[in-house]
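Comments concern the structure below.
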Amino acid sequence: MLHQRTPVPSAKELILGINQGDTTALARAITLVESENQDHLAKAARLIEACLKPRPETMRIGITGVPGVGKSTFIETLGMTLIEAGHRVAVLAIDPTSTLSKGSILGDKTRMTSLSGHSKAFIRPSASGESLGGVARKTREAIILCEAAGYDVILVETVGVGQSETAVHSMVDFFLLLKLAGAGDELQGIKRGIIEMADAIVINKAEAANAASAKQAQTEFSRALHLYPPKSSEWRPRVLTCSAIENTGISEIWEMIGAYFQAIRKNSFLSAHRSAQNKQWLMQHLEDVLKSEFFGSETLKKHLSEWVIKVENHTVSPFKAAELLMAEYRKELK
Ligand code: GDP
């Protein structure tokens, strides 16, 4: 019967639940912020507002790498190590493939089985969305909700496709690139920008049988990193090796991440960086809102196609057409 169904919790109930670390409330809150439904926007905004407070004690870590490099295995092993050390771990994913095509590289597998069953871990598969920008916005909000629910380590995973690394880089404090040792030139086929963003490069699958090639990759990447100018965090990116499957090298990686956070808390980079990210989110969001408002306006719906034809026929310049459309739009606003 209808009245016996679980009622939809109010924003207040969700906020209370999140503050108590209730994972059901957290999951429902994330679903709400991910919703495209216009009626949910105000409620989602209230939730985020209530959860928004600076949390310098949390660690936001981005992890990227091509499919098959071992991201989920790595996160599983690292996540369990962190839980044993007393942390609470949330894993969020940005999956550009789910927006570009209907498929998903990150979401479809059964992943992180020990971690997903653990009471101190929260795993949220990738948000779906029309655009990478939309998915990224939702992931930022999910980070805020997870932190409010008491997760102090947030692992944001992405696959190295398109602009997704840049999106993840813009929302984390530490950016880790997972790589495999291979034959030949290690640096071939890597987007230059990714190396520049990395705070650490980790060569995975470095078991005894691969030790020599892992070592060689480590040397090459270290050399490559030296070519970049110093980072504003003053951190010198490092290259480490590990085997996610055998759980070797993982605690060294965590020690390195710990050293990083200690350094950026001491030199105030962490708070400055998060402030700058907040500003960037504001500007980006404003751009999104303006764009969707303008392109959703009556003026555009009515007149854009006429102007497009005129521009295509060279009877009006693109600049003049834009100016006239803007003038129409401004009239509509009055
Ligand atoms: P993802 O696509 O990047 O998430 O990669 P997965 O974690 O799903 O791993 C891809 C494959 O590599 C799986 O068959 C894993 O078992 C394997 N794998 C992951 N980490 C290691 C490792 O450290 N050593 C070896 N030998 N295999 C690994």
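We name chains A, B, ... following the order of the structure tokens; residues begin at 1 in each chain, and ligands are numbered from 1 as shown.
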Quick one: residues within 7 Å of ligand 1, with only C-alpha atoms and all ligand atoms, as a compact mmCIF listing (two decimals) with C-alpha atoms, in the first residue's frame?
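Result file follows (selection-v2.txt):
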```txt
# COMPACT_ATOMS: atom_id res chain seq x y z
CA GLY A 65 45.47 5.09 -15.86
CA VAL A 66 44.47 3.20 -18.97
CA PRO A 67 41.99 0.30 -18.75
CA GLY A 68 43.73 -2.83 -17.53
CA VAL A 69 46.56 -1.04 -15.73
CA GLY A 70 45.10 -2.24 -12.42
CA LYS A 71 43.18 0.75 -11.03
CA SER A 72 40.47 -1.22 -9.27
CA THR A 73 42.94 -3.79 -7.91
CA PHE A 74 45.17 -0.95 -6.70
CA LEU A 106 34.79 1.60 -15.09
CA ASN A 204 52.01 -1.38 -11.25
CA LYS A 205 52.41 -5.13 -11.80
CA ALA A 206 56.04 -4.83 -10.73
CA GLU A 207 56.39 -8.41 -9.47
CA CYS A 242 54.14 -1.74 -6.74
CA SER A 243 52.21 -4.93 -7.24
CA ALA A 244 48.58 -4.31 -6.38
CA ILE A 245 47.89 -8.03 -6.54
CA GLU A 246 50.75 -9.07 -4.24
```
task = Could you check how far atom CA of A:Gln262 sits from atom CA of A:Val202, in Å to one decimal?
result =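 If I compute the distance from atom CA of A:Gln262 to atom CA of A:Val202, I get 20.0 Å.
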message = Ranking A:Ala90, A:Ala276, A:Leu333, A:Ile203 by minimum distance to A:Glu293 and counting only C-alpha atoms, which one comes first?
response =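 Nearest to A:Glu293: A:Leu333.
Nearest residue to A:Ser297 among A:Glu332, A:Trp235, A:Asn313, A:Ala272 is A:Glu332, counting only C-alpha atoms.
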message = If DSSP is run on the backbone, what residues of stretch 33-208 of chain A are strand (DSSP E or B)? A reply as a VMD selection string would be ideal.
response = chain A and resid 59 to 65 89 to 94 121 to 124 153 to 159 174 to 180 200 to 204
Show me, as a Markdown table, the residues of stretch 21-113 of chain A having an atom within 10 Å of stretch 170-175 of chain A, each with the closest atom pair and its distance in Å, using only C-alpha atoms.
```
| residue | atom | partner | partner_atom | distance |
| --- | --- | --- | --- | --- |
| A:Thr58 | CA | A:Asp173 | CA | 9.5 |
| A:Met59 | CA | A:Asp173 | CA | 6.8 |
| A:Arg60 | CA | A:Val172 | CA | 4.8 |
| A:Ile61 | CA | A:Phe174 | CA | 4.8 |
| A:Gly62 | CA | A:Phe175 | CA | 4.6 |
| A:Ile63 | CA | A:Phe175 | CA | 6.2 |
| A:Thr64 | CA | A:Phe175 | CA | 8.0 |
```
request  = Might you pull out every residue within 7 Å of stretch 121-123 of chain A, with only C-alpha atoms counted and same-chain residues fewer than 3 positions away left off, and present them as a PyMOL selection string?
outcome  = chain A and resi 88-92+115-116+118
request  = Write down as a PyMOL selection string the residues belonging to stretch 10-219 of chain A that are assigned alpha helix (DSSP H) by DSSP computed on the backbone.
outcome  = chain A and resi 11-19+23-34+38-51+71-84+96-100+113-116+132-148+164-169+192-197+211-219
Convert the current residue selection to file output with C-alpha atoms, as a CSV table (one decimal), in the first residue's frame.
```
chain,number,residue,atom,x,y,z
A,11,ALA,CA,16.6,17.5,3.1
A,12,LYS,CA,16.8,17.9,6.8
A,13,GLU,CA,16.6,14.1,7.4
A,14,LEU,CA,19.2,13.4,4.8
A,15,ILE,CA,21.6,16.0,6.3
A,16,LEU,CA,21.1,14.5,9.8
A,17,GLY,CA,21.7,11.0,8.4
A,18,ILE,CA,24.9,12.1,6.6
A,19,ASN,CA,26.2,13.8,9.7
A,23,THR,CA,25.5,5.3,4.2
A,24,THR,CA,21.9,4.9,3.1
A,25,ALA,CA,21.3,8.6,3.6
A,26,LEU,CA,24.6,9.4,1.9
A,27,ALA,CA,23.8,7.2,-1.1
A,28,ARG,CA,20.3,8.8,-1.4
A,29,ALA,CA,21.8,12.3,-1.1
A,30,ILE,CA,24.3,11.5,-4.0
A,31,THR,CA,21.4,10.2,-6.1
A,32,LEU,CA,19.6,13.5,-5.4
A,33,VAL,CA,22.5,15.6,-6.5
A,34,GLU,CA,22.9,13.5,-9.6
A,38,GLN,CA,14.4,20.2,-11.9
A,39,ASP,CA,12.3,19.6,-8.8
A,40,HIS,CA,15.3,18.1,-7.1
A,41,LEU,CA,17.7,21.0,-7.7
A,42,ALA,CA,16.6,23.1,-4.7
A,43,LYS,CA,16.8,20.2,-2.3
A,44,ALA,CA,20.2,19.1,-3.6
A,45,ALA,CA,21.5,22.7,-3.3
A,46,ARG,CA,20.3,22.7,0.4
A,47,LEU,CA,22.1,19.5,1.1
A,48,ILE,CA,25.3,20.7,-0.4
A,49,GLU,CA,25.1,24.0,1.5
A,50,ALA,CA,24.6,22.2,4.7
A,51,CYS,CA,27.6,19.9,4.2
A,71,LYS,CA,43.2,0.8,-11.0
A,72,SER,CA,40.5,-1.2,-9.3
A,73,THR,CA,42.9,-3.8,-7.9
A,74,PHE,CA,45.2,-1.0,-6.7
A,75,ILE,CA,42.3,0.9,-5.1
A,76,GLU,CA,41.1,-2.3,-3.4
A,77,THR,CA,44.6,-3.0,-1.9
A,78,LEU,CA,45.3,0.6,-1.0
A,79,GLY,CA,41.8,1.1,0.4
A,80,MET,CA,42.1,-2.0,2.7
A,81,THR,CA,45.5,-0.8,3.9
A,82,LEU,CA,44.0,2.6,4.7
A,83,ILE,CA,41.1,1.0,6.6
A,84,GLU,CA,43.5,-1.1,8.7
A,96,PRO,CA,34.0,9.6,-19.5
A,97,THR,CA,33.1,6.5,-21.6
A,98,SER,CA,29.6,6.4,-20.0
A,99,THR,CA,29.0,9.9,-21.4
A,100,LEU,CA,30.6,9.4,-24.8
A,113,THR,CA,35.0,-6.9,-3.6
A,114,SER,CA,36.6,-6.7,-0.2
A,115,LEU,CA,36.4,-2.9,-0.1
A,116,SER,CA,32.8,-2.8,-1.2
A,132,LEU,CA,31.9,15.3,-18.8
A,133,GLY,CA,31.4,18.7,-17.2
A,134,GLY,CA,28.1,17.5,-15.7
A,135,VAL,CA,29.6,14.3,-14.4
A,136,ALA,CA,32.5,16.2,-12.9
A,137,ARG,CA,30.2,18.7,-11.2
A,138,LYS,CA,28.3,15.8,-9.6
A,139,THR,CA,31.5,14.1,-8.5
A,140,ARG,CA,32.6,17.3,-6.8
A,141,GLU,CA,29.4,17.5,-4.9
A,142,ALA,CA,29.7,13.8,-4.0
A,143,ILE,CA,33.1,14.5,-2.5
A,144,ILE,CA,31.6,17.1,-0.3
A,145,LEU,CA,28.8,14.8,0.8
A,146,CYS,CA,31.2,11.9,1.5
A,147,GLU,CA,33.4,14.1,3.6
A,148,ALA,CA,30.5,15.3,5.6
A,164,SER,CA,38.7,13.2,-17.7
A,165,GLU,CA,42.1,13.5,-16.1
A,166,THR,CA,41.9,17.2,-16.2
A,167,ALA,CA,38.5,17.1,-14.6
A,168,VAL,CA,39.7,14.8,-11.8
A,169,HIS,CA,42.9,16.9,-11.4
A,192,ARG,CA,52.3,15.3,-22.0
A,193,GLY,CA,49.8,17.1,-19.9
A,194,ILE,CA,49.2,14.1,-17.7
A,195,ILE,CA,52.8,13.8,-16.7
A,196,GLU,CA,52.7,17.4,-15.9
A,197,MET,CA,49.7,17.0,-13.6
A,211,ALA,CA,61.5,-6.2,-11.8
A,212,ALA,CA,64.0,-5.2,-14.5
A,213,SER,CA,61.5,-3.5,-16.8
A,214,ALA,CA,59.8,-1.8,-13.9
A,215,LYS,CA,63.1,-0.4,-12.7
A,216,GLN,CA,63.8,0.8,-16.2
A,217,ALA,CA,60.4,2.5,-16.5
A,218,GLN,CA,61.0,4.1,-13.1
A,219,THR,CA,64.2,5.6,-14.2
```
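Separating atom CA of A:Ala198 from atom CA of A:Ala259 is a distance of 15.6 Å.
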query = What does the distance from atom CA of A:Glu234 to atom CA of A:Ala263 come to in Å, to one decimal?
reply = 8.6 Å
inquiry  = Please list as a list in words every residue within 6 Å of A:Ala200, counting only C-alpha atoms and excluding residues in the same chain fewer than 2 positions away.
reply    = Leu176, Ala198, Pro237, Arg238 and Val239 of chain A
Export C-alpha atoms of the chosen residues as a JSON list (two decimals), in the first residue's frame?
```
[["chain", "number", "residue", "atom", "x", "y", "z"],
["A", 176, "LEU", "CA", 48.47, 9.67, -9.10],
["A", 198, "ALA", "CA", 51.05, 13.91, -11.79],
["A", 237, "PRO", "CA", 56.76, 14.26, -8.00],
["A", 238, "ARG", "CA", 58.05, 10.76, -7.39],
["A", 239, "VAL", "CA", 58.03, 7.50, -9.27]]
```
request  = Show which residues sit within 10 Å of A:Arg330, as a list in words. Count only C-alpha atoms, and ignore same-chain residues fewer than 6 positions away.
outcome  =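 My list of contacting residues is Phe294, Thr299 and Leu324 of chain A.
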Would you export the selected residues with N, CA and C atoms as a compact mmCIF listing (two decimals), in the first residue's frame, please?
```txt
# COMPACT_ATOMS: atom_id res chain seq x y z
N PHE A 294 20.84 30.70 -21.94
CA PHE A 294 20.81 31.37 -23.24
C PHE A 294 20.30 30.42 -24.32
N THR A 299 14.18 33.22 -27.56
CA THR A 299 14.83 33.89 -28.68
C THR A 299 15.64 32.89 -29.51
N LEU A 324 22.98 40.50 -32.92
CA LEU A 324 21.52 40.66 -33.02
C LEU A 324 20.80 39.65 -32.13
```
